[in-house]
>>> print(open('work.txt').read())   # compact mmCIF, C-alpha atoms and all ligand atoms
# COMPACT_ATOMS: atom_id res chain seq x y z
CA MET A 1 0.00 0.00 0.00
CA PRO A 2 1.48 3.38 -0.90
CA ILE A 3 -0.50 5.08 1.92
CA ALA A 4 -0.27 4.60 5.68
CA ASP A 5 -2.13 1.50 6.90
CA LYS A 6 -4.09 3.58 9.39
CA MET A 7 -5.35 5.81 6.54
CA VAL A 8 -6.86 2.97 4.49
CA LYS A 9 -10.12 2.82 6.48
CA MET A 10 -10.34 6.62 6.57
CA VAL A 11 -9.98 6.87 2.80
CA GLU A 12 -12.67 4.19 2.34
CA ALA A 13 -15.06 6.14 4.60
CA ALA A 14 -14.32 9.39 2.73
CA SER A 15 -14.85 7.68 -0.62
CA PHE A 16 -18.39 6.73 0.48
CA ILE A 17 -19.25 10.43 0.82
CA ARG A 18 -17.39 11.25 -2.40
CA LYS A 19 -19.32 8.52 -4.25
CA MET A 20 -22.59 10.07 -3.12
CA PHE A 21 -21.39 13.47 -4.27
CA GLU A 22 -20.33 12.07 -7.65
CA GLU A 23 -23.63 10.22 -7.97
CA GLY A 24 -25.39 13.60 -7.57
CA ILE A 25 -23.28 15.10 -10.37
CA ARG A 26 -23.95 12.07 -12.62
CA MET A 27 -27.70 12.26 -11.97
CA ARG A 28 -27.80 16.02 -12.67
CA GLU A 29 -26.06 15.44 -16.01
CA LYS A 30 -28.47 12.64 -16.91
CA PHE A 31 -31.79 14.08 -15.71
CA GLY A 32 -31.08 17.84 -15.61
CA ALA A 33 -30.33 19.81 -12.43
CA ASP A 34 -34.02 20.68 -11.92
CA ASN A 35 -35.02 17.03 -11.80
CA VAL A 36 -32.63 15.86 -9.10
CA PHE A 37 -33.65 16.38 -5.47
CA ASP A 38 -30.47 16.49 -3.44
CA PHE A 39 -31.05 16.47 0.34
CA SER A 40 -27.68 14.92 1.11
CA LEU A 41 -25.54 17.94 1.99
CA GLY A 42 -25.82 20.31 4.95
CA ASN A 43 -24.51 23.23 2.92
CA PRO A 44 -26.33 26.44 3.98
CA ASP A 45 -27.98 28.10 0.97
CA VAL A 46 -29.70 30.94 2.87
CA PRO A 47 -27.73 34.08 1.92
CA PRO A 48 -25.45 35.63 4.55
CA PRO A 49 -27.02 38.68 6.25
CA ALA A 50 -26.43 41.98 4.37
CA ALA A 51 -24.19 43.07 7.25
CA VAL A 52 -21.56 40.53 6.12
CA LYS A 53 -21.07 42.23 2.75
CA GLU A 54 -21.21 45.71 4.31
CA THR A 55 -18.57 44.74 6.87
CA LEU A 56 -16.34 43.21 4.21
CA LEU A 57 -16.55 46.40 2.16
CA ASP A 58 -15.78 48.52 5.23
CA LEU A 59 -12.80 46.35 6.07
CA ILE A 60 -11.34 46.60 2.57
CA ASP A 61 -11.16 50.38 2.93
CA ASP A 62 -10.01 50.38 6.55
CA PRO A 63 -6.27 51.12 6.86
CA LYS A 64 -6.24 49.48 10.32
CA VAL A 65 -7.14 46.08 8.82
CA THR A 66 -4.15 43.73 8.69
CA HIS A 67 -3.42 40.61 6.68
CA GLY A 68 -0.19 39.44 8.30
CA TYR A 69 0.66 36.95 11.05
CA MET A 70 -0.99 37.53 14.38
CA PRO A 71 -0.98 35.84 17.81
CA ASN A 72 -1.80 32.27 16.77
CA PRO A 73 -5.03 31.91 18.82
CA GLY A 74 -6.39 34.94 16.93
CA TYR A 75 -6.57 38.74 17.02
CA PRO A 76 -6.86 39.93 20.66
CA GLN A 77 -9.65 42.40 19.77
CA VAL A 78 -11.67 39.66 18.03
CA ARG A 79 -11.26 37.27 20.98
CA GLN A 80 -12.30 40.14 23.27
CA ALA A 81 -15.42 40.72 21.13
CA VAL A 82 -16.30 37.01 21.31
CA ALA A 83 -15.72 36.91 25.09
CA ASP A 84 -17.86 40.05 25.60
CA TYR A 85 -20.67 38.56 23.55
CA LEU A 86 -20.63 35.22 25.38
CA ASN A 87 -20.42 36.93 28.78
CA LYS A 88 -23.49 38.99 27.93
CA GLU A 89 -25.40 35.98 26.57
CA PHE A 90 -24.49 33.45 29.25
CA GLY A 91 -23.32 35.44 32.28
CA THR A 92 -19.84 33.87 32.07
CA GLN A 93 -16.56 35.56 33.04
CA LEU A 94 -14.66 34.61 29.90
CA THR A 95 -11.42 36.45 29.10
CA PRO A 96 -9.75 36.55 25.66
CA ASN A 97 -7.05 34.05 26.73
CA LEU A 98 -9.81 31.41 27.03
CA ILE A 99 -10.93 31.93 23.43
CA VAL A 100 -9.18 30.47 20.37
CA MET A 101 -10.29 31.55 16.91
CA THR A 102 -10.38 28.45 14.71
CA VAL A 103 -10.80 27.14 11.19
CA GLY A 104 -14.53 26.45 11.60
CA ALA A 105 -16.07 24.16 14.18
CA ALA A 106 -14.07 21.29 12.64
CA GLY A 107 -10.83 23.14 13.46
CA ALA A 108 -12.06 23.78 17.01
CA LEU A 109 -12.95 20.10 17.50
CA ASN A 110 -9.52 19.06 16.29
CA ASP A 111 -7.85 21.56 18.61
CA CYS A 112 -9.79 20.54 21.72
CA LEU A 113 -9.35 16.82 21.20
CA ARG A 114 -5.65 17.10 20.49
CA ALA A 115 -5.28 19.36 23.53
CA LEU A 116 -6.93 16.87 25.88
CA ILE A 117 -6.41 13.31 24.64
CA ASN A 118 -3.61 10.95 25.65
CA PRO A 119 -2.94 7.87 23.49
CA GLY A 120 -5.52 5.16 24.11
CA GLU A 121 -8.08 7.46 25.72
CA GLU A 122 -11.71 7.57 24.65
CA VAL A 123 -14.17 10.18 23.45
CA LEU A 124 -17.75 9.25 24.27
CA THR A 125 -20.56 10.69 22.16
CA PRO A 126 -24.29 9.99 22.03
CA ALA A 127 -25.38 8.28 18.79
CA PRO A 128 -26.57 9.19 16.18
CA TYR A 129 -23.68 11.62 15.76
CA PHE A 130 -22.00 13.84 13.16
CA VAL A 131 -19.72 11.64 11.00
CA GLY A 132 -16.78 14.08 11.19
CA TYR A 133 -16.26 12.97 14.82
CA ASN A 134 -14.68 9.73 13.57
CA GLN A 135 -12.00 11.71 11.78
CA TYR A 136 -11.32 14.21 14.54
CA ALA A 137 -10.99 11.45 17.14
CA PHE A 138 -8.71 9.54 14.76
CA VAL A 139 -6.38 12.53 14.31
CA ALA A 140 -6.22 12.96 18.10
CA GLY A 141 -5.40 9.26 18.57
CA ALA A 142 -8.63 8.67 20.51
CA ALA A 143 -11.16 5.88 20.20
CA LEU A 144 -14.65 7.22 19.49
CA VAL A 145 -17.14 5.34 21.65
CA THR A 146 -20.91 5.83 21.40
CA ALA A 147 -23.77 5.71 23.87
CA PRO A 148 -27.31 5.22 22.55
CA THR A 149 -29.86 8.02 22.88
CA LYS A 150 -33.52 7.64 23.86
CA PRO A 151 -36.08 6.87 21.13
CA ASP A 152 -36.66 10.64 20.73
CA PHE A 153 -32.87 11.13 20.35
CA HIS A 154 -32.51 12.94 23.66
CA LEU A 155 -29.74 12.05 26.11
CA ASP A 156 -29.92 8.67 27.81
CA LEU A 157 -28.00 9.53 30.97
CA GLU A 158 -27.85 5.93 32.17
CA ALA A 159 -26.31 4.86 28.86
CA ILE A 160 -23.74 7.66 29.13
CA GLN A 161 -22.95 6.70 32.71
CA THR A 162 -22.46 3.08 31.66
CA GLY A 163 -20.38 4.10 28.63
CA ILE A 164 -17.85 6.10 30.69
CA THR A 165 -14.76 4.08 31.63
CA GLU A 166 -11.37 4.87 33.14
CA LYS A 167 -10.26 5.62 29.55
CA THR A 168 -12.87 8.34 28.93
CA ARG A 169 -11.34 11.80 28.73
CA VAL A 170 -14.03 13.69 26.85
CA VAL A 171 -17.79 13.50 26.44
CA LEU A 172 -18.77 15.23 23.20
CA ILE A 173 -22.30 16.49 22.63
CA ASN A 174 -23.97 18.42 19.82
CA SER A 175 -27.18 20.38 20.30
CA PRO A 176 -29.07 21.35 18.14
CA ASN A 177 -28.11 18.01 16.73
CA ASN A 178 -26.93 16.88 13.35
CA PRO A 179 -28.48 14.54 12.18
CA THR A 180 -31.54 14.35 14.49
CA GLY A 181 -32.53 17.99 15.09
CA ALA A 182 -32.89 17.34 18.85
CA VAL A 183 -32.20 20.24 21.25
CA TYR A 184 -31.18 19.14 24.75
CA SER A 185 -33.09 20.74 27.63
CA ALA A 186 -31.53 22.45 30.66
CA GLU A 187 -32.69 19.50 32.81
CA GLU A 188 -30.96 16.87 30.71
CA LEU A 189 -27.78 18.97 30.52
CA ASP A 190 -27.81 19.42 34.31
CA GLY A 191 -28.25 15.65 34.62
CA LEU A 192 -25.30 15.13 32.30
CA GLY A 193 -23.22 17.52 34.40
CA ARG A 194 -23.98 15.43 37.50
CA VAL A 195 -23.04 12.21 35.70
CA LEU A 196 -19.72 13.72 34.57
CA GLU A 197 -18.91 15.08 38.03
CA ALA A 198 -19.60 11.67 39.62
CA ALA A 199 -17.61 9.80 36.94
CA SER A 200 -14.64 12.18 37.30
CA LYS A 201 -14.63 11.42 41.05
CA LYS A 202 -15.08 7.69 40.52
CA PHE A 203 -12.14 7.43 38.10
CA ASP A 204 -10.10 10.13 39.84
CA LYS A 205 -9.63 11.88 36.52
CA ARG A 206 -11.13 15.08 35.13
CA ILE A 207 -13.59 14.33 32.32
CA TYR A 208 -14.17 17.35 30.09
CA LEU A 209 -17.39 18.11 28.26
CA ILE A 210 -17.07 19.43 24.72
CA SER A 211 -20.22 21.06 23.39
CA ASP A 212 -20.26 21.35 19.60
CA GLU A 213 -22.76 24.13 18.84
CA PRO A 214 -22.63 25.27 15.20
CA TYR A 215 -26.44 25.17 15.03
CA ARG A 216 -27.10 27.09 18.27
CA LYS A 217 -28.80 29.97 16.43
CA ILE A 218 -30.90 27.66 14.24
CA ALA A 219 -33.59 26.62 16.71
CA TYR A 220 -37.35 26.83 16.39
CA ASP A 221 -39.35 28.07 19.38
CA VAL A 222 -37.11 26.38 21.92
CA GLU A 223 -34.40 27.76 24.11
CA VAL A 224 -30.94 26.26 23.55
CA PRO A 225 -29.70 26.23 27.16
CA SER A 226 -26.16 27.20 28.07
CA VAL A 227 -23.89 24.23 28.67
CA PHE A 228 -21.60 26.46 30.75
CA ASP A 229 -24.34 26.39 33.43
CA ALA A 230 -24.56 22.61 33.46
CA TYR A 231 -20.94 21.59 34.03
CA ASP A 232 -17.91 23.67 34.96
CA HIS A 233 -15.37 21.68 32.96
CA THR A 234 -16.81 22.56 29.59
CA ILE A 235 -15.44 23.75 26.27
CA VAL A 236 -18.02 25.28 23.96
CA LEU A 237 -17.14 25.50 20.30
CA THR A 238 -18.95 26.79 17.28
CA SER A 239 -18.55 28.39 13.86
CA TYR A 240 -20.15 30.99 11.65
CA SER A 241 -20.73 28.34 8.96
CA LYS A 242 -24.46 28.06 9.60
CA GLU A 243 -25.42 31.15 11.62
CA LEU A 244 -23.89 33.50 9.02
CA SER A 245 -23.91 31.02 6.08
CA LEU A 246 -20.11 31.29 5.81
CA ALA A 247 -19.22 27.57 5.70
CA GLY A 248 -16.57 27.98 3.00
CA GLU A 249 -14.78 30.81 4.81
CA ARG A 250 -13.76 28.40 7.61
CA ILE A 251 -14.19 30.58 10.69
CA GLY A 252 -15.20 29.61 14.23
CA TYR A 253 -13.89 29.55 17.80
CA LEU A 254 -13.65 27.56 20.99
CA ALA A 255 -14.26 28.95 24.48
CA VAL A 256 -12.99 27.21 27.61
CA SER A 257 -15.16 27.82 30.66
CA PRO A 258 -13.28 29.97 33.22
CA LYS A 259 -14.49 27.49 35.86
CA ALA A 260 -12.90 24.49 34.11
CA GLU A 261 -10.04 22.72 35.82
CA ASP A 262 -6.80 24.12 34.35
CA ALA A 263 -8.85 26.36 32.05
CA GLY A 264 -5.90 28.55 31.01
CA LEU A 265 -3.71 25.54 30.28
CA VAL A 266 -6.44 23.80 28.25
CA ALA A 267 -7.00 26.96 26.16
CA ALA A 268 -3.24 27.39 25.69
CA ALA A 269 -2.89 23.75 24.58
CA ALA A 270 -5.80 24.16 22.14
CA GLY A 271 -4.08 27.29 20.79
CA VAL A 272 -0.85 25.37 20.27
CA ALA A 273 -2.75 22.51 18.57
CA ASN A 274 -4.29 25.15 16.29
CA THR A 275 -0.81 26.48 15.48
CA MET A 276 0.42 22.99 14.60
CA MET A 277 -2.38 22.37 12.11
CA TYR A 278 -3.47 25.70 10.64
CA VAL A 279 -1.22 28.38 12.25
CA ASN A 280 -4.25 30.67 12.72
CA ALA A 281 -7.85 31.14 11.63
CA PRO A 282 -8.37 33.22 8.43
CA ALA A 283 -7.40 36.85 9.14
CA LEU A 284 -10.02 38.71 7.13
CA PHE A 285 -12.98 36.68 8.37
CA GLN A 286 -11.82 36.91 11.99
CA GLN A 287 -12.14 40.66 11.56
CA VAL A 288 -15.55 40.29 9.89
CA VAL A 289 -17.06 38.13 12.63
CA GLY A 290 -15.43 40.24 15.35
CA ARG A 291 -17.76 43.04 14.20
CA LEU A 292 -20.84 40.85 13.77
CA GLN A 293 -21.36 39.24 17.16
CA GLY A 294 -25.02 38.29 17.59
CA VAL A 295 -25.94 38.70 13.90
CA THR A 296 -27.63 35.68 12.27
CA VAL A 297 -29.19 34.55 9.00
CA ASP A 298 -32.96 34.61 8.58
CA ILE A 299 -33.99 31.52 10.55
CA GLY A 300 -37.57 31.96 9.30
CA ILE A 301 -36.49 30.49 5.95
CA TYR A 302 -35.34 27.24 7.57
CA ARG A 303 -38.48 27.12 9.72
CA ARG A 304 -40.71 27.47 6.65
CA ARG A 305 -38.89 24.65 4.88
CA ARG A 306 -39.00 22.44 7.95
CA ASP A 307 -42.75 22.90 8.22
CA LEU A 308 -43.28 22.30 4.50
CA PHE A 309 -41.15 19.15 4.52
CA CYS A 310 -42.65 17.77 7.75
CA GLN A 311 -46.20 18.26 6.49
CA GLY A 312 -45.46 16.57 3.12
CA LEU A 313 -43.56 13.64 4.60
CA LYS A 314 -46.25 13.08 7.22
CA GLU A 315 -48.91 12.96 4.52
CA ALA A 316 -46.77 10.44 2.61
CA GLY A 317 -46.71 8.21 5.72
CA TYR A 318 -43.20 8.81 7.08
CA GLU A 319 -42.53 8.74 10.83
CA PHE A 320 -40.14 11.22 12.46
CA ASP A 321 -39.67 13.58 15.39
CA VAL A 322 -40.20 17.18 14.31
CA PRO A 323 -36.72 18.75 14.54
CA GLN A 324 -36.37 21.53 17.12
CA GLY A 325 -33.21 22.87 15.57
CA ALA A 326 -30.52 22.60 12.83
CA PHE A 327 -31.74 21.91 9.29
CA TYR A 328 -32.07 18.13 9.11
CA LEU A 329 -34.89 15.62 9.30
CA PHE A 330 -34.12 12.10 10.46
CA PRO A 331 -37.13 9.94 9.52
CA LYS A 332 -37.50 6.23 10.19
CA SER A 333 -36.75 4.09 7.17
CA PRO A 334 -39.99 2.26 6.24
CA ILE A 335 -37.88 -0.87 5.70
CA GLU A 336 -35.28 -2.15 8.14
CA ASN A 337 -32.32 -1.59 5.82
CA ASP A 338 -31.82 2.18 5.53
CA VAL A 339 -29.11 1.82 2.85
CA GLU A 340 -31.56 -0.13 0.70
CA PHE A 341 -34.29 2.48 1.23
CA VAL A 342 -31.93 5.32 0.29
CA ASN A 343 -31.30 3.40 -2.96
CA LEU A 344 -35.07 3.19 -3.52
CA LEU A 345 -35.29 6.97 -3.03
CA LYS A 346 -32.58 7.34 -5.65
CA GLU A 347 -34.93 5.68 -8.15
CA GLN A 348 -37.13 8.76 -7.58
CA ASN A 349 -34.09 11.03 -8.18
CA ILE A 350 -33.98 11.79 -4.44
CA LEU A 351 -30.61 11.84 -2.67
CA ALA A 352 -30.57 11.19 1.08
CA VAL A 353 -27.95 9.82 3.51
CA PRO A 354 -28.44 6.46 5.29
CA GLY A 355 -28.64 6.76 9.07
CA THR A 356 -26.14 3.91 9.41
CA GLY A 357 -23.35 6.37 8.53
CA PHE A 358 -24.32 8.46 11.60
CA GLY A 359 -24.56 5.49 13.94
CA GLY A 360 -28.37 5.65 13.57
CA PRO A 361 -29.39 2.61 11.46
CA GLY A 362 -33.04 2.29 10.45
CA HIS A 363 -33.23 6.02 9.65
CA PHE A 364 -32.12 8.36 6.92
CA ARG A 365 -31.07 12.01 6.93
CA LEU A 366 -32.54 14.78 4.82
CA SER A 367 -31.02 18.25 4.77
CA TYR A 368 -33.51 21.06 4.15
CA ALA A 369 -30.82 23.60 3.33
CA VAL A 370 -32.38 23.55 -0.16
CA PRO A 371 -34.87 25.82 -1.96
CA ASP A 372 -38.56 25.33 -1.09
CA ASP A 373 -39.46 24.14 -4.59
CA ILE A 374 -36.96 21.24 -4.37
CA ILE A 375 -38.90 20.06 -1.31
CA THR A 376 -42.32 20.54 -2.94
CA ARG A 377 -41.38 18.84 -6.19
CA ALA A 378 -39.68 15.91 -4.41
CA LEU A 379 -42.75 15.03 -2.29
CA PRO A 380 -44.48 12.87 -4.94
CA GLY A 381 -41.25 10.83 -5.21
CA PHE A 382 -41.17 10.34 -1.43
CA LYS A 383 -44.78 9.12 -1.59
CA LYS A 384 -44.01 6.73 -4.46
CA ALA A 385 -40.99 5.28 -2.63
CA MET A 386 -43.17 4.73 0.47
CA ASP A 387 -46.03 3.18 -1.55
CA ASN A 388 -43.54 0.82 -3.25
CA VAL A 389 -42.52 -0.75 0.07
CA ARG A 390 -45.93 -0.85 1.75
C1 LIG A 401 -22.41 18.85 14.19
C2 LIG A 401 -21.36 19.49 13.38
N1 LIG A 401 -20.20 19.78 13.96
C3 LIG A 401 -19.19 20.36 13.28
C4 LIG A 401 -19.33 20.66 11.93
C5 LIG A 401 -18.21 21.32 11.20
O1 LIG A 401 -18.54 22.67 11.03
P1 LIG A 401 -17.60 23.69 10.24
O2 LIG A 401 -17.95 23.59 8.81
O3 LIG A 401 -17.90 25.01 10.82
O4 LIG A 401 -16.20 23.26 10.48
C6 LIG A 401 -20.52 20.36 11.28
C7 LIG A 401 -20.69 20.64 9.85
O5 LIG A 401 -21.67 20.34 9.21
C8 LIG A 401 -21.58 19.75 12.02
O6 LIG A 401 -22.74 19.44 11.46
>>> encode(input="work.txt", output="structure tokens")
Amino acid sequence: MPIADKMVKMVEAASFIRKMFEEGIRMREKFGADNVFDFSLGNPDVPPPAAVKETLLDLIDDPKVTHGYMPNPGYPQVRQAVADYLNKEFGTQLTPNLIVMTVGAAGALNDCLRALINPGEEVLTPAPYFVGYNQYAFVAGAALVTAPTKPDFHLDLEAIQTGITEKTRVVLINSPNNPTGAVYSAEELDGLGRVLEAASKKFDKRIYLISDEPYRKIAYDVEVPSVFDAYDHTIVLTSYSKELSLAGERIGYLAVSPKAEDAGLVAAAAGVANTMMYVNAPALFQQVVGRLQGVTVDIGIYRRRRDLFCQGLKEAGYEFDVPQGAFYLFPKSPIENDVEFVNLLKEQNILAVPGTGFGGPGHFRLSYAVPDDIITRALPGFKKAMDNVR
């Protein structure tokens, strides 16, 4: 093998996603772009708020704007702006040294895991989970271990308690959740905090909570509670990929709770990990987001699509929990084998992702980061696919 043995499985997993992507291109060429209904990618299509363009234009003319090297964790004034915003939102006492500007949420996840994990240690995450976690854990040399969620995809605290071992270093959660759309309540987060405190005592080892929150602003009529309140030893990370529709600009941050054990050291280690991989987050977009704290895309667009999709799928006989956040639906596959059902959807020119890839077999994921008319015109195909298996 010309590539590292440990990479072989990773390349295979990546080729599965690439195959799906290529299949979409092939189908568009064959049937025409308007006749392919691609719900496979979570790529935000809602335009960034007008303030993004205005800020970019301002920055281009601003002689104070710099494009050179900077302190590797990010511009001090941007980290101050992020800390001020979070302190106002969550009543925390964050200081800029506890913030690291990162290359998206993916960069932040990589930084935190590499900052915390020793060889052979485990990262525990509730399943279904975002597939990228496999890669980030791999890079950090950690084993990714899963704990099942409840039937409504909320936290099963007993399963988490059972899943924690002396090897667990990090519990990694994501709310609003990709792929399920679940938003964890303050009560379940408090319960999780108690489980982690007890497990840290039991194993005489600090277990950190990492809260991956790129969908925090995309929630429908529910509060997304602060994880800082639930457990002191928490790192919150996020990006502007979804809330400002800037996924390709690769900008995000991580924030280590001031109450976390060795908070300053953890943030410093995450900053060094960032330096080793990316040196620093993109300069121009740090300066953009530094000026746009609290600004978000029009969530009403995602809500409208969610409602449209839910109504149509319900009428076609699909079963699912109405998502409270993010922009994914995770319906039950009407046949046991979700991979097979996704292939049946393909016969209707519909592209979806099997739940098996997210550790959620028997389901499939649909992204509604697509125009309304794609949803409307795909509904007859969803009905046909359902009728064919009933
Ligand atoms: C749950 C979750 N975490 C992290 C990421 C990575 O986000 P980013 O593109 O900001 O790196 C994604 C991207 O879709 C995601 O869904």
>>> residues_around(input="work.txt", residues="Val236 of chain A", least_positions_apart="4", cutoff="12 Å", atoms="all atoms listed in the file", output="CSV table (one decimal) with C-alpha atoms, keeping the file's coordinate frame")
chain,number,residue,atom,x,y,z
A,83,ALA,CA,-15.7,36.9,25.1
A,86,LEU,CA,-20.6,35.2,25.4
A,90,PHE,CA,-24.5,33.4,29.2
A,92,THR,CA,-19.8,33.9,32.1
A,94,LEU,CA,-14.7,34.6,29.9
A,98,LEU,CA,-9.8,31.4,27.0
A,99,ILE,CA,-10.9,31.9,23.4
A,100,VAL,CA,-9.2,30.5,20.4
A,105,ALA,CA,-16.1,24.2,14.2
A,108,ALA,CA,-12.1,23.8,17.0
A,109,LEU,CA,-13.0,20.1,17.5
A,112,CYS,CA,-9.8,20.5,21.7
A,172,LEU,CA,-18.8,15.2,23.2
A,173,ILE,CA,-22.3,16.5,22.6
A,174,ASN,CA,-24.0,18.4,19.8
A,175,SER,CA,-27.2,20.4,20.3
A,208,TYR,CA,-14.2,17.4,30.1
A,209,LEU,CA,-17.4,18.1,28.3
A,210,ILE,CA,-17.1,19.4,24.7
A,211,SER,CA,-20.2,21.1,23.4
A,212,ASP,CA,-20.3,21.4,19.6
A,213,GLU,CA,-22.8,24.1,18.8
A,214,PRO,CA,-22.6,25.3,15.2
A,216,ARG,CA,-27.1,27.1,18.3
A,226,SER,CA,-26.2,27.2,28.1
A,227,VAL,CA,-23.9,24.2,28.7
A,228,PHE,CA,-21.6,26.5,30.8
A,229,ASP,CA,-24.3,26.4,33.4
A,230,ALA,CA,-24.6,22.6,33.5
A,231,TYR,CA,-20.9,21.6,34.0
A,232,ASP,CA,-17.9,23.7,35.0
A,252,GLY,CA,-15.2,29.6,14.2
A,253,TYR,CA,-13.9,29.6,17.8
A,254,LEU,CA,-13.6,27.6,21.0
A,255,ALA,CA,-14.3,29.0,24.5
A,256,VAL,CA,-13.0,27.2,27.6
A,257,SER,CA,-15.2,27.8,30.7
A,258,PRO,CA,-13.3,30.0,33.2
A,260,ALA,CA,-12.9,24.5,34.1
A,267,ALA,CA,-7.0,27.0,26.2
>>> atom_distance(input="work.txt", atom1="atom CA of Thr356 of chain A", atom2="atom CA of Pro128 of chain A")
8.6 Å
>>> closest_atom_pairs(input="work.txt", of="chain A", to="ligand LIG 401 (chain A)", cutoff="7 Å", atoms="all atoms listed in the file", output="JSON lines")
{"residue": "A:Gly42", "atom": "CA", "partner": "A:LIG401", "partner_atom": "O5", "distance": 5.9}
{"residue": "A:Val103", "atom": "CA", "partner": "A:LIG401", "partner_atom": "O4", "distance": 6.7}
{"residue": "A:Gly104", "atom": "CA", "partner": "A:LIG401", "partner_atom": "O3", "distance": 3.7}
{"residue": "A:Ala105", "atom": "CA", "partner": "A:LIG401", "partner_atom": "O4", "distance": 3.8}
{"residue": "A:Ala106", "atom": "CA", "partner": "A:LIG401", "partner_atom": "O4", "distance": 3.6}
{"residue": "A:Gly107", "atom": "CA", "partner": "A:LIG401", "partner_atom": "O4", "distance": 6.1}
{"residue": "A:Phe130", "atom": "CA", "partner": "A:LIG401", "partner_atom": "C1", "distance": 5.1}
{"residue": "A:Asn174", "atom": "CA", "partner": "A:LIG401", "partner_atom": "C1", "distance": 5.9}
{"residue": "A:Asn177", "atom": "CA", "partner": "A:LIG401", "partner_atom": "C1", "distance": 6.3}
{"residue": "A:Asn178", "atom": "CA", "partner": "A:LIG401", "partner_atom": "C1", "distance": 5.0}
{"residue": "A:Asp212", "atom": "CA", "partner": "A:LIG401", "partner_atom": "N1", "distance": 5.9}
{"residue": "A:Pro214", "atom": "CA", "partner": "A:LIG401", "partner_atom": "N1", "distance": 6.1}
{"residue": "A:Thr238", "atom": "CA", "partner": "A:LIG401", "partner_atom": "O3", "distance": 6.8}
{"residue": "A:Ser239", "atom": "CA", "partner": "A:LIG401", "partner_atom": "O3", "distance": 4.6}
{"residue": "A:Tyr240", "atom": "CA", "partner": "A:LIG401", "partner_atom": "O3", "distance": 6.4}
{"residue": "A:Ser241", "atom": "CA", "partner": "A:LIG401", "partner_atom": "O3", "distance": 4.7}
{"residue": "A:Ala247", "atom": "CA", "partner": "A:LIG401", "partner_atom": "O2", "distance": 5.2}
{"residue": "A:Arg250", "atom": "CA", "partner": "A:LIG401", "partner_atom": "O3", "distance": 6.2}
{"residue": "A:Ile251", "atom": "CA", "partner": "A:LIG401", "partner_atom": "O3", "distance": 6.7}
{"residue": "A:Gly252", "atom": "CA", "partner": "A:LIG401", "partner_atom": "O3", "distance": 6.3}
>>> residues_around(input="work.txt", residues="Asn388 of chain A", least_positions_apart="5", cutoff="10 Å", atoms="all atoms listed in the file", output="PDB file with C-alpha atoms, in the frame of the given file")
ATOM      1  CA  LEU A 344     -35.070   3.190  -3.520  1.00  0.00           C
ATOM      2  CA  PHE A 382     -41.170  10.340  -1.430  1.00  0.00           C
ATOM      3  CA  LYS A 383     -44.780   9.120  -1.590  1.00  0.00           C
TER       4      LYS A 383
END
>>> residues_around(input="work.txt", residues="Asn337 of chain A", least_positions_apart="4", cutoff="8 Å", atoms="all atoms listed in the file", output="PyMOL selection string")
chain A and resi 333+341+361-362
>>> write_last_selection(input="work.txt", atoms="C-alpha atoms", output="PDB file, in the frame of the given file")
ATOM      1  CA  SER A 333     -36.750   4.090   7.170  1.00  0.00           C
ATOM      2  CA  PHE A 341     -34.290   2.480   1.230  1.00  0.00           C
ATOM      3  CA  PRO A 361     -29.390   2.610  11.460  1.00  0.00           C
ATOM      4  CA  GLY A 362     -33.040   2.290  10.450  1.00  0.00           C
TER       5      GLY A 362
END
>>> residues_around(input="work.txt", residues="Arg365 of chain A", least_positions_apart="4", cutoff="12 Å", atoms="all atoms listed in the file", output="PyMOL selection string")
chain A and resi 38-42+128-130+177-181+320+323+327-333+338-339+341-342+345+350-361
>>> residues_around(input="work.txt", residues="Gln324 of chain A", least_positions_apart="6", cutoff="7 Å", atoms="all atoms listed in the file", output="PyMOL selection string")
chain A and resi 181-183+219-220+222
>>> write_last_selection(input="work.txt", atoms="C-alpha atoms", output="short mmCIF file (atom, residue, chain, number, x, y, z; two decimals), in the frame of the given file")
data_model
loop_
_atom_site.label_atom_id
_atom_site.label_comp_id
_atom_site.auth_asym_id
_atom_site.auth_seq_id
_atom_site.Cartn_x
_atom_site.Cartn_y
_atom_site.Cartn_z
CA GLY A 181 -32.53 17.99 15.09
CA ALA A 182 -32.89 17.34 18.85
CA VAL A 183 -32.20 20.24 21.25
CA ALA A 219 -33.59 26.62 16.71
CA TYR A 220 -37.35 26.83 16.39
CA VAL A 222 -37.11 26.38 21.92
#
